[in-house]
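Visitor: Dumping the structure here so I can ask a few things about it.
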Amino acid sequence: MSTTPPENSARSTQPDNSASSTQPEQTPVTDDRLQEETATPHLMTDSAADSERRAGGDRWSTALQGIVNGSVLVTVLAVVLALVACGILIAVTDENVRTAAGYFFARPSDTFQAIGSSVGGAYASLFQGSVVNFGASSFAQAIVPITRSLDYAVPLVAAGLGIAVSFRAGLFNIGGQGQILMGAAAAGWVGFSFDLPAIVHIPLTIIAGIVGGAVWGGIVGVLKARTGANEVVLTIMLNYVGLYLVSYMLRTPGLLQAKGSPNPISPAMQDSSVLPQLFGPRYGIDLGFVVAIIAVVVVWWLLNKSSLGFRFRTIGENPRAARVAGMSVPSLTIWVMLISGALVGIAGAYQVQGAVTSGFTANIDAGIGFDAITVALLGRSKPWGVFWAAILFGVLKNGGYAMQAANGIPIDIVGVIQALIVLFIAAPPLVRAIFRIPQPGARRRTRTKPSKKAVAA
């Protein structure tokens with residue numbers, strides 16, 4: 001009978017700790033899905049093509065999510081809703097539609113045909129009168145409407161940028177009218193008082209408009225920063241001050257009134273201060289369009305790339321955090337209103353250098369100061385958004401006259417379109433609810449399927 005050696009018996013009775021000393025202790029897997037993955041790794045492994053397909057799908061899903069949750073889609077749909085609502089208004093006010101509706105149940109097709117003819121004809125006239133005239137004899141003649149629309153858009157671009165800068169800084173500049181008037185008054189005085197070379201006179205006149213608007217906006221900034229006064233009240237009241245001040249200067253000989261004229265009108269601008277046409281007098285684009293694009297690029301760089309623009313956005317989003325970070329909110333408020341007024345002043349200079357060069361009156365602002373607020377809202381206070389919003393408003397304004405001439409539709413319909421655009425832009429949840437677009441951050445309700453549990457062998 002053989003016996004086990006002592007060393008072997010001792011070795012067999014002691015636990016083997018070699019594996020535990022070299023390998024870390026693993027925690028038990030409690031999730032059934034992880035058990036499946038651990039038990040059958042070959043079933044969970046994707047090929048390279050499957051991984052690439054899944055990555056591509058994720059990218060498209062992320063892009064689609066960004067479009068749905070972004071503001072661009074809501075803006076476009078707001079414009080569509082405004083056009084649909086105004087189409088209904090055009091149809092209701094059309095005489096032929098009302099006549100056909102009187103015997104709707106006898107021949108309903110006549111009513112729908114009258115509605116299509118009324119609404120379609122109105123919008124076709126608006127498009128051909130402001131974008132492309134398909135009935136023109138040549139391509140050069142066909143693109144004339146869009147150049148006229150760009151001419152209307154130039155002051156809206158400049159003024160909209162000024163309002164957008166103040167909005168991004170958390171300030172509501174409602175004083176575009178007064179700033180345009182003061183910019184136009186300063187630019188007009190330089191434009192008709194001096195006889196200089198055009199290469200000097202044109203930029204000098206623009207700078208005068210910038211200074212006039214900046215001073216008028218800077219007054220609001222100083223009062224806001226030093227006294228804490230509400231900028232909305234200040235800008236609205238300064239609109240009236242600017243209007244009556246310019247009216248007084250236009251009625252006073254030696255200031256802005258033309259010599260020998262009994263009417264409150266300024267002298268005609270010197271030819272050397274008038275903005276030259278880029279493609280000849282046949283088209284509406286002049287040097288002001290180039291100035292507007294330069295202003296867009298400068299404001300984009302200011303707000304997105306410069307430290308001053310970062311401070312502007314910081315005080316707009318959280319003034320208390322800006323103070324904690326050591327930023328001087330009062331001084332930044334002054335700078336915001338100075339820059340905002342300067343940009344609006346460019347629009348005032350354009351009005352006397354490009355729009356009305358034969359002498360201006362107290363109505364030189366032409367409602368641009370208040371339209372700029374709508375443009376800034378439609379453009380989401382972003383420089384390029386303001387640019388495209390201003391072009392849209394230029395198209396509506398230019399096409400409104402063609403729509404009125406061709407179809408007899410009141411020009412006030414264009415104002416209704418603008419008002420409805422603002423209404424829908426100010427209520428994104430309403431637009432999303434109408435088109436059944438999920439709200440940003442909303443979670444979809446999905447049914448959870450029970451997971452397959454691993455079967456132990």
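By convention here, the chains of the structure tokens are called A, B, ... in the order presented, each chain's residues are numbered starting at 1, and ligands are numbered starting at 1 in the order presented.
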Could you give me, as JSON lines, a per-residue list for range 169-204 of chain A showing, wherever an atom lies at most 10 Å from an atom of range 261-271 of chain A, the closest pair of atoms and their distance in Å to one decimal, using only C-alpha atoms and sorting by chain then residue number from low to high?

Guide:
{"residue": "A:Ala185", "atom": "CA", "partner": "A:Ser266", "partner_atom": "CA", "distance": 9.2}
{"residue": "A:Ala187", "atom": "CA", "partner": "A:Met269", "partner_atom": "CA", "distance": 9.7}
{"residue": "A:Gly188", "atom": "CA", "partner": "A:Met269", "partner_atom": "CA", "distance": 7.0}
{"residue": "A:Trp189", "atom": "CA", "partner": "A:Ser266", "partner_atom": "CA", "distance": 8.5}
{"residue": "A:Val190", "atom": "CA", "partner": "A:Met269", "partner_atom": "CA", "distance": 8.8}
{"residue": "A:Gly191", "atom": "CA", "partner": "A:Met269", "partner_atom": "CA", "distance": 5.4}
{"residue": "A:Phe192", "atom": "CA", "partner": "A:Met269", "partner_atom": "CA", "distance": 4.5}
{"residue": "A:Ser193", "atom": "CA", "partner": "A:Gln270", "partner_atom": "CA", "distance": 8.0}
{"residue": "A:Phe194", "atom": "CA", "partner": "A:Gln270", "partner_atom": "CA", "distance": 7.6}
{"residue": "A:Asp195", "atom": "CA", "partner": "A:Gln270", "partner_atom": "CA", "distance": 6.9}
{"residue": "A:Leu196", "atom": "CA", "partner": "A:Gln270", "partner_atom": "CA", "distance": 8.8}
{"residue": "A:Pro197", "atom": "CA", "partner": "A:Asp271", "partner_atom": "CA", "distance": 9.6}
{"residue": "A:Ala198", "atom": "CA", "partner": "A:Asp271", "partner_atom": "CA", "distance": 8.0}
{"residue": "A:His201", "atom": "CA", "partner": "A:Gln270", "partner_atom": "CA", "distance": 9.1}
{"residue": "A:Ile202", "atom": "CA", "partner": "A:Asp271", "partner_atom": "CA", "distance": 9.7}

Visitor: Grab the CA of Ala349 in chain A to CA of Leu181 in chain A distance for me, in Å with one decimal place.

Guide: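 CA of Ala349 in chain A sits 9.1 Å away from CA of Leu181 in chain A.
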
Visitor: Please report the interatomic distance between CA of Thr75 in chain A and CA of Thr333 in chain A in Å with one decimal.

Guide: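 That distance, rounded to one decimal, is 29.2 Å.
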
Visitor: Show which residues sit within 9 Å of range 398-408 of chain A, as a list in words. Count only C-alpha atoms, and ignore same-chain residues fewer than 5 positions away.

Guide: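 So the residues in contact are Ser118, Gly121, Ala122, Tyr123, Ala124, Ser125, Leu126, Phe127, Gln128, Gly129, Ser130, Val131, Pro145, Ile146, Arg148, Ser149, Tyr152, Phe393, Ile413 and Val414 of chain A.
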
Visitor: Can I get the selected residues back with all heavy atoms, as a compact mmCIF listing (two decimals), in the first residue's frame?

Guide:
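This is the output file out25.txt:
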# COMPACT_ATOMS: atom_id res chain seq x y z
N SER A 118 -56.30 83.75 -58.35
CA SER A 118 -56.05 84.94 -57.55
C SER A 118 -54.73 84.84 -56.78
O SER A 118 -53.86 85.69 -56.89
CB SER A 118 -57.20 85.17 -56.57
OG SER A 118 -56.92 86.23 -55.69
N GLY A 121 -51.68 84.06 -59.22
CA GLY A 121 -51.31 85.25 -59.99
C GLY A 121 -50.63 86.30 -59.14
O GLY A 121 -49.68 86.96 -59.59
N ALA A 122 -51.08 86.45 -57.89
CA ALA A 122 -50.46 87.44 -57.00
C ALA A 122 -49.02 87.08 -56.68
O ALA A 122 -48.10 87.91 -56.80
CB ALA A 122 -51.28 87.56 -55.72
N TYR A 123 -48.78 85.82 -56.31
CA TYR A 123 -47.43 85.42 -55.96
C TYR A 123 -46.53 85.31 -57.19
O TYR A 123 -45.32 85.51 -57.09
CB TYR A 123 -47.46 84.09 -55.20
CG TYR A 123 -47.92 84.25 -53.76
CD1 TYR A 123 -48.57 83.23 -53.10
CD2 TYR A 123 -47.71 85.44 -53.07
CE1 TYR A 123 -49.01 83.38 -51.78
CE2 TYR A 123 -48.13 85.61 -51.77
CZ TYR A 123 -48.78 84.57 -51.13
OH TYR A 123 -49.19 84.73 -49.83
N ALA A 124 -47.10 84.98 -58.35
CA ALA A 124 -46.31 84.99 -59.58
C ALA A 124 -45.86 86.40 -59.92
O ALA A 124 -44.71 86.62 -60.32
CB ALA A 124 -47.12 84.38 -60.73
N SER A 125 -46.75 87.37 -59.76
CA SER A 125 -46.37 88.76 -60.00
C SER A 125 -45.32 89.23 -59.00
O SER A 125 -44.38 89.96 -59.36
CB SER A 125 -47.61 89.66 -59.91
OG SER A 125 -48.57 89.29 -60.87
N LEU A 126 -45.47 88.80 -57.74
CA LEU A 126 -44.47 89.17 -56.73
C LEU A 126 -43.10 88.60 -57.08
O LEU A 126 -42.09 89.30 -56.97
CB LEU A 126 -44.92 88.67 -55.36
CG LEU A 126 -44.11 89.11 -54.14
CD1 LEU A 126 -45.03 89.26 -52.93
CD2 LEU A 126 -43.02 88.11 -53.80
N PHE A 127 -43.07 87.34 -57.55
CA PHE A 127 -41.79 86.72 -57.88
C PHE A 127 -41.17 87.37 -59.11
O PHE A 127 -39.97 87.68 -59.13
CB PHE A 127 -42.00 85.22 -58.11
CG PHE A 127 -40.73 84.47 -58.39
CD1 PHE A 127 -39.93 84.04 -57.35
CD2 PHE A 127 -40.34 84.20 -59.70
CE1 PHE A 127 -38.75 83.34 -57.60
CE2 PHE A 127 -39.16 83.51 -59.96
CZ PHE A 127 -38.37 83.08 -58.91
N GLN A 128 -41.96 87.55 -60.15
CA GLN A 128 -41.41 88.12 -61.38
C GLN A 128 -41.03 89.59 -61.21
O GLN A 128 -40.16 90.09 -61.91
CB GLN A 128 -42.42 87.98 -62.52
CG GLN A 128 -42.64 86.53 -62.95
CD GLN A 128 -43.52 86.42 -64.18
OE1 GLN A 128 -43.91 87.43 -64.77
NE2 GLN A 128 -43.83 85.20 -64.58
N GLY A 129 -41.70 90.27 -60.29
CA GLY A 129 -41.37 91.67 -60.08
C GLY A 129 -40.23 91.90 -59.12
O GLY A 129 -39.75 93.05 -59.00
N SER A 130 -39.76 90.84 -58.44
CA SER A 130 -38.71 91.04 -57.44
C SER A 130 -37.53 90.10 -57.58
O SER A 130 -36.47 90.37 -57.01
CB SER A 130 -39.29 90.87 -56.04
OG SER A 130 -39.83 89.57 -55.88
N VAL A 131 -37.68 89.00 -58.34
CA VAL A 131 -36.57 88.05 -58.46
C VAL A 131 -36.16 87.90 -59.92
O VAL A 131 -35.11 88.40 -60.33
CB VAL A 131 -36.96 86.68 -57.85
CG1 VAL A 131 -35.77 85.71 -57.93
CG2 VAL A 131 -37.39 86.83 -56.40
N PRO A 145 -35.12 92.74 -61.86
CA PRO A 145 -35.88 92.80 -60.60
C PRO A 145 -35.07 92.44 -59.37
O PRO A 145 -35.20 93.07 -58.32
CB PRO A 145 -37.03 91.82 -60.84
CG PRO A 145 -37.22 91.79 -62.31
CD PRO A 145 -35.85 91.93 -62.87
N ILE A 146 -34.21 91.41 -59.44
CA ILE A 146 -33.44 91.02 -58.26
C ILE A 146 -32.44 92.11 -57.88
O ILE A 146 -32.14 92.32 -56.69
CB ILE A 146 -32.74 89.66 -58.49
CG1 ILE A 146 -32.09 89.17 -57.20
CG2 ILE A 146 -31.72 89.75 -59.60
CD1 ILE A 146 -33.02 88.93 -56.07
N ARG A 148 -32.97 95.29 -58.20
CA ARG A 148 -33.77 96.31 -57.50
C ARG A 148 -34.08 95.86 -56.07
O ARG A 148 -34.08 96.66 -55.14
CB ARG A 148 -35.07 96.57 -58.26
CG ARG A 148 -34.88 97.02 -59.70
CD ARG A 148 -34.24 98.38 -59.79
NE ARG A 148 -34.09 98.82 -61.17
CZ ARG A 148 -33.44 99.92 -61.53
NH1 ARG A 148 -32.90 100.69 -60.60
NH2 ARG A 148 -33.34 100.25 -62.80
N SER A 149 -34.33 94.56 -55.91
CA SER A 149 -34.61 94.05 -54.57
C SER A 149 -33.38 94.18 -53.67
O SER A 149 -33.49 94.50 -52.48
CB SER A 149 -35.05 92.58 -54.65
OG SER A 149 -36.23 92.45 -55.40
N TYR A 152 -33.18 97.63 -52.32
CA TYR A 152 -34.03 97.83 -51.14
C TYR A 152 -33.43 97.18 -49.90
O TYR A 152 -33.68 97.63 -48.77
CB TYR A 152 -35.42 97.24 -51.40
CG TYR A 152 -36.32 98.08 -52.26
CD1 TYR A 152 -36.65 97.69 -53.55
CD2 TYR A 152 -36.87 99.27 -51.78
CE1 TYR A 152 -37.48 98.47 -54.35
CE2 TYR A 152 -37.70 100.04 -52.56
CZ TYR A 152 -38.00 99.63 -53.85
OH TYR A 152 -38.83 100.41 -54.64
N PHE A 393 -36.82 90.63 -47.21
CA PHE A 393 -37.67 91.80 -47.06
C PHE A 393 -37.54 92.73 -48.27
O PHE A 393 -38.51 93.39 -48.65
CB PHE A 393 -37.33 92.53 -45.77
CG PHE A 393 -38.11 92.05 -44.59
CD1 PHE A 393 -38.04 90.73 -44.19
CD2 PHE A 393 -38.92 92.90 -43.87
CE1 PHE A 393 -38.76 90.27 -43.11
CE2 PHE A 393 -39.65 92.45 -42.78
CZ PHE A 393 -39.57 91.13 -42.41
N ILE A 413 -50.71 94.29 -48.14
CA ILE A 413 -50.59 92.85 -47.98
C ILE A 413 -49.15 92.48 -47.64
O ILE A 413 -48.88 91.56 -46.87
CB ILE A 413 -51.04 92.13 -49.26
CG1 ILE A 413 -52.55 92.29 -49.44
CG2 ILE A 413 -50.67 90.65 -49.22
CD1 ILE A 413 -53.36 91.57 -48.38
N VAL A 414 -48.19 93.20 -48.23
CA VAL A 414 -46.78 92.95 -47.92
C VAL A 414 -46.50 93.20 -46.43
O VAL A 414 -45.79 92.44 -45.77
CB VAL A 414 -45.87 93.82 -48.80
CG1 VAL A 414 -44.40 93.64 -48.42
CG2 VAL A 414 -46.06 93.47 -50.27

Visitor: Would you please work out which residue, of A:Leu81, A:Ala186, A:Phe139, A:Leu161, is nearest to Gly379 in chain A when using only C-alpha atoms?

Guide: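 When distances to Gly379 in chain A are compared using only C-alpha atoms, the smallest one comes from A:Leu161.
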
Visitor: A:Leu171, A:Ile115, A:Glu95, A:Leu303: which is nearest Pro383 in chain A, counting only C-alpha atoms?

Guide: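 Ranked by minimum distance to Pro383 in chain A, first place goes to A:Leu303.
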
Visitor: Quote the spacing between CA of Met182 in chain A and CA of Trp216 in chain A in Å to one decimal place.

Guide: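 Between CA of Met182 in chain A and CA of Trp216 in chain A the gap is 7.0 Å.
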
Visitor: Could you list, with a cut-off of 12 Å and counting only C-alpha atoms, the residues of range 283-332 of chain A near range 226-239 of chain A, each shown with its nearest atom pair and the distance in Å rounded to one decimal, rows sorted by chain and ascending number, as JSON lines?

Guide:
{"residue": "A:Val329", "atom": "CA", "partner": "A:Arg226", "partner_atom": "CA", "distance": 10.8}
{"residue": "A:Pro330", "atom": "CA", "partner": "A:Arg226", "partner_atom": "CA", "distance": 7.2}
{"residue": "A:Ser331", "atom": "CA", "partner": "A:Arg226", "partner_atom": "CA", "distance": 9.4}
{"residue": "A:Leu332", "atom": "CA", "partner": "A:Arg226", "partner_atom": "CA", "distance": 12.0}

Visitor: Could you check which of A:Ala214, A:Val274, A:Ala140, A:Ala372 is closest to Ile391 in chain A, using only C-alpha atoms?

Guide: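 Checking each of A:Ala214, A:Val274, A:Ala140, A:Ala372 against Ile391 in chain A, counting only C-alpha atoms, the winner is A:Ala372.
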
Visitor: Quick one: residues within 12 Å of Asp365 in chain A, only C-alpha atoms counted, chain neighbours fewer than 6 positions away excluded, as a ChimeraX atom specification?

Guide: /A:155-156,159,175-185,239,242-243,246,344-352,355-356,371-372

Visitor: For the selection you just gave me, I'd like the residues written to a file as a PDB file, in the first residue's frame, keeping N, CA and C atoms.

Guide:
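Saved the output as again05.pdb:
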ATOM      1  N   PRO A 155     -30.021  99.067 -47.010  1.00  0.00           N
ATOM      2  CA  PRO A 155     -30.169  99.730 -45.702  1.00  0.00           C
ATOM      3  C   PRO A 155     -30.716  98.805 -44.627  1.00  0.00           C
ATOM      4  N   LEU A 156     -31.508  97.810 -45.026  1.00  0.00           N
ATOM      5  CA  LEU A 156     -32.014  96.861 -44.043  1.00  0.00           C
ATOM      6  C   LEU A 156     -30.897  95.980 -43.496  1.00  0.00           C
ATOM      7  N   ALA A 159     -28.902  98.377 -40.976  1.00  0.00           N
ATOM      8  CA  ALA A 159     -29.683  98.656 -39.768  1.00  0.00           C
ATOM      9  C   ALA A 159     -29.976  97.370 -38.992  1.00  0.00           C
ATOM     10  N   GLY A 175     -34.410 102.212 -31.227  1.00  0.00           N
ATOM     11  CA  GLY A 175     -34.221 103.579 -31.717  1.00  0.00           C
ATOM     12  C   GLY A 175     -33.614 103.664 -33.087  1.00  0.00           C
ATOM     13  N   GLY A 176     -33.892 102.672 -33.956  1.00  0.00           N
ATOM     14  CA  GLY A 176     -33.323 102.718 -35.294  1.00  0.00           C
ATOM     15  C   GLY A 176     -33.768 103.926 -36.091  1.00  0.00           C
ATOM     16  N   GLN A 177     -34.990 104.374 -35.904  1.00  0.00           N
ATOM     17  CA  GLN A 177     -35.481 105.535 -36.649  1.00  0.00           C
ATOM     18  C   GLN A 177     -34.667 106.782 -36.330  1.00  0.00           C
ATOM     19  N   GLY A 178     -34.473 107.059 -35.040  1.00  0.00           N
ATOM     20  CA  GLY A 178     -33.704 108.242 -34.668  1.00  0.00           C
ATOM     21  C   GLY A 178     -32.257 108.154 -35.114  1.00  0.00           C
ATOM     22  N   GLN A 179     -31.655 106.979 -35.031  1.00  0.00           N
ATOM     23  CA  GLN A 179     -30.262 106.821 -35.440  1.00  0.00           C
ATOM     24  C   GLN A 179     -30.102 106.951 -36.947  1.00  0.00           C
ATOM     25  N   ILE A 180     -31.077 106.465 -37.717  1.00  0.00           N
ATOM     26  CA  ILE A 180     -31.034 106.663 -39.168  1.00  0.00           C
ATOM     27  C   ILE A 180     -31.167 108.141 -39.507  1.00  0.00           C
ATOM     28  N   LEU A 181     -32.069 108.834 -38.838  1.00  0.00           N
ATOM     29  CA  LEU A 181     -32.257 110.259 -39.113  1.00  0.00           C
ATOM     30  C   LEU A 181     -30.996 111.059 -38.805  1.00  0.00           C
ATOM     31  N   MET A 182     -30.353 110.779 -37.674  1.00  0.00           N
ATOM     32  CA  MET A 182     -29.143 111.521 -37.343  1.00  0.00           C
ATOM     33  C   MET A 182     -27.988 111.144 -38.268  1.00  0.00           C
ATOM     34  N   GLY A 183     -27.913 109.852 -38.648  1.00  0.00           N
ATOM     35  CA  GLY A 183     -26.891 109.460 -39.609  1.00  0.00           C
ATOM     36  C   GLY A 183     -27.123 110.106 -40.967  1.00  0.00           C
ATOM     37  N   ALA A 184     -28.377 110.172 -41.404  1.00  0.00           N
ATOM     38  CA  ALA A 184     -28.695 110.806 -42.682  1.00  0.00           C
ATOM     39  C   ALA A 184     -28.425 112.303 -42.634  1.00  0.00           C
ATOM     40  N   ALA A 185     -28.741 112.932 -41.499  1.00  0.00           N
ATOM     41  CA  ALA A 185     -28.494 114.373 -41.378  1.00  0.00           C
ATOM     42  C   ALA A 185     -26.998 114.683 -41.453  1.00  0.00           C
ATOM     43  N   ASN A 239     -36.228 108.614 -30.597  1.00  0.00           N
ATOM     44  CA  ASN A 239     -36.766 108.635 -31.965  1.00  0.00           C
ATOM     45  C   ASN A 239     -37.525 109.932 -32.225  1.00  0.00           C
ATOM     46  N   GLY A 242     -35.053 112.872 -32.297  1.00  0.00           N
ATOM     47  CA  GLY A 242     -34.347 112.934 -33.571  1.00  0.00           C
ATOM     48  C   GLY A 242     -35.233 113.410 -34.701  1.00  0.00           C
ATOM     49  N   LEU A 243     -36.498 112.974 -34.721  1.00  0.00           N
ATOM     50  CA  LEU A 243     -37.411 113.387 -35.780  1.00  0.00           C
ATOM     51  C   LEU A 243     -37.651 114.891 -35.743  1.00  0.00           C
ATOM     52  N   VAL A 246     -34.354 116.921 -36.628  1.00  0.00           N
ATOM     53  CA  VAL A 246     -34.071 116.967 -38.062  1.00  0.00           C
ATOM     54  C   VAL A 246     -35.097 117.838 -38.783  1.00  0.00           C
ATOM     55  N   VAL A 344     -26.368 101.298 -37.684  1.00  0.00           N
ATOM     56  CA  VAL A 344     -27.632 101.867 -38.162  1.00  0.00           C
ATOM     57  C   VAL A 344     -27.373 103.171 -38.919  1.00  0.00           C
ATOM     58  N   GLY A 345     -26.347 103.923 -38.491  1.00  0.00           N
ATOM     59  CA  GLY A 345     -25.996 105.152 -39.190  1.00  0.00           C
ATOM     60  C   GLY A 345     -25.564 104.916 -40.626  1.00  0.00           C
ATOM     61  N   ILE A 346     -24.997 103.730 -40.913  1.00  0.00           N
ATOM     62  CA  ILE A 346     -24.649 103.402 -42.305  1.00  0.00           C
ATOM     63  C   ILE A 346     -25.902 103.390 -43.170  1.00  0.00           C
ATOM     64  N   ALA A 347     -26.984 102.878 -42.622  1.00  0.00           N
ATOM     65  CA  ALA A 347     -28.250 102.885 -43.366  1.00  0.00           C
ATOM     66  C   ALA A 347     -28.711 104.308 -43.638  1.00  0.00           C
ATOM     67  N   GLY A 348     -28.525 105.197 -42.652  1.00  0.00           N
ATOM     68  CA  GLY A 348     -28.884 106.595 -42.871  1.00  0.00           C
ATOM     69  C   GLY A 348     -28.045 107.232 -43.960  1.00  0.00           C
ATOM     70  N   ALA A 349     -26.739 106.919 -43.973  1.00  0.00           N
ATOM     71  CA  ALA A 349     -25.877 107.456 -45.032  1.00  0.00           C
ATOM     72  C   ALA A 349     -26.292 106.926 -46.394  1.00  0.00           C
ATOM     73  N   TYR A 350     -26.670 105.659 -46.460  1.00  0.00           N
ATOM     74  CA  TYR A 350     -27.088 105.099 -47.745  1.00  0.00           C
ATOM     75  C   TYR A 350     -28.359 105.756 -48.258  1.00  0.00           C
ATOM     76  N   GLN A 351     -29.238 106.129 -47.362  1.00  0.00           N
ATOM     77  CA  GLN A 351     -30.485 106.755 -47.802  1.00  0.00           C
ATOM     78  C   GLN A 351     -30.240 108.051 -48.557  1.00  0.00           C
ATOM     79  N   VAL A 352     -29.226 108.814 -48.160  1.00  0.00           N
ATOM     80  CA  VAL A 352     -28.972 110.089 -48.833  1.00  0.00           C
ATOM     81  C   VAL A 352     -27.932 109.963 -49.942  1.00  0.00           C
ATOM     82  N   ALA A 355     -30.354 106.193 -52.150  1.00  0.00           N
ATOM     83  CA  ALA A 355     -31.805 106.123 -52.344  1.00  0.00           C
ATOM     84  C   ALA A 355     -32.388 107.458 -52.788  1.00  0.00           C
ATOM     85  N   VAL A 356     -32.116 108.513 -52.034  1.00  0.00           N
ATOM     86  CA  VAL A 356     -32.655 109.851 -52.331  1.00  0.00           C
ATOM     87  C   VAL A 356     -31.480 110.815 -52.382  1.00  0.00           C
ATOM     88  N   ASP A 371     -38.380  98.276 -39.469  1.00  0.00           N
ATOM     89  CA  ASP A 371     -38.221  97.045 -40.243  1.00  0.00           C
ATOM     90  C   ASP A 371     -36.944  96.312 -39.853  1.00  0.00           C
ATOM     91  N   ALA A 372     -35.926  97.063 -39.433  1.00  0.00           N
ATOM     92  CA  ALA A 372     -34.667  96.428 -39.031  1.00  0.00           C
ATOM     93  C   ALA A 372     -34.853  95.536 -37.812  1.00  0.00           C
TER      94      ALA A 372
END

Visitor: Identify, on the basis of only C-alpha atoms, every residue whose closest approach to Phe424 in chain A does not exceed 10 Å; exclude the query and any residue fewer than 6 positions from it along the same chain; express the result as an mmCIF file with N, CA, C and O atoms, in the first residue's frame.

Guide:
data_model
loop_
_atom_site.group_PDB
_atom_site.id
_atom_site.type_symbol
_atom_site.label_atom_id
_atom_site.label_comp_id
_atom_site.auth_asym_id
_atom_site.auth_seq_id
_atom_site.Cartn_x
_atom_site.Cartn_y
_atom_site.Cartn_z
ATOM 1 N N VAL A 74 -37.324 76.260 -38.502
ATOM 2 C CA VAL A 74 -38.468 76.999 -37.954
ATOM 3 C C VAL A 74 -38.642 78.326 -38.685
ATOM 4 O O VAL A 74 -39.771 78.761 -38.960
ATOM 5 N N THR A 75 -37.550 78.982 -39.027
ATOM 6 C CA THR A 75 -37.629 80.254 -39.751
ATOM 7 C C THR A 75 -38.250 80.065 -41.129
ATOM 8 O O THR A 75 -39.128 80.832 -41.544
ATOM 9 N N LEU A 77 -40.193 77.612 -42.142
ATOM 10 C CA LEU A 77 -41.601 77.238 -41.997
ATOM 11 C C LEU A 77 -42.451 78.431 -41.562
ATOM 12 O O LEU A 77 -43.626 78.514 -41.931
ATOM 13 N N ALA A 78 -41.865 79.343 -40.783
ATOM 14 C CA ALA A 78 -42.607 80.548 -40.409
ATOM 15 C C ALA A 78 -42.920 81.398 -41.637
ATOM 16 O O ALA A 78 -44.023 81.945 -41.764
ATOM 17 N N VAL A 79 -41.958 81.508 -42.551
ATOM 18 C CA VAL A 79 -42.201 82.252 -43.794
ATOM 19 C C VAL A 79 -43.276 81.549 -44.625
ATOM 20 O O VAL A 79 -44.166 82.198 -45.205
ATOM 21 N N VAL A 80 -43.223 80.218 -44.680
ATOM 22 C CA VAL A 80 -44.232 79.466 -45.435
ATOM 23 C C VAL A 80 -45.625 79.688 -44.848
ATOM 24 O O VAL A 80 -46.601 79.912 -45.580
ATOM 25 N N LEU A 81 -45.736 79.624 -43.532
ATOM 26 C CA LEU A 81 -47.031 79.858 -42.892
ATOM 27 C C LEU A 81 -47.543 81.266 -43.174
ATOM 28 O O LEU A 81 -48.746 81.465 -43.394
ATOM 29 N N ALA A 82 -46.642 82.251 -43.149
ATOM 30 C CA ALA A 82 -47.061 83.623 -43.438
ATOM 31 C C ALA A 82 -47.574 83.753 -44.862
ATOM 32 O O ALA A 82 -48.588 84.424 -45.112
ATOM 33 N N LEU A 378 -35.840 87.929 -37.532
ATOM 34 C CA LEU A 378 -35.911 86.865 -38.531
ATOM 35 C C LEU A 378 -34.540 86.227 -38.752
ATOM 36 O O LEU A 378 -34.441 85.011 -38.964
ATOM 37 N N LEU A 430 -45.402 77.152 -31.648
ATOM 38 C CA LEU A 430 -46.592 77.117 -32.500
ATOM 39 C C LEU A 430 -46.262 76.536 -33.866
ATOM 40 O O LEU A 430 -47.011 75.705 -34.401
ATOM 41 N N VAL A 431 -45.140 76.963 -34.444
ATOM 42 C CA VAL A 431 -44.731 76.435 -35.753
ATOM 43 C C VAL A 431 -44.460 74.935 -35.662
ATOM 44 O O VAL A 431 -44.868 74.154 -36.523
#

Visitor: Would you list the contacts of range 384-387 of chain A as a list of chain:residue names, taking every protein, DNA or RNA residue within 6 Å and counting only C-alpha atoms, but skipping same-chain residues closer than 6 positions in sequence?

Guide: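 Listing them by chain and then by number gives A:Val157, A:Val375, A:Ala376.
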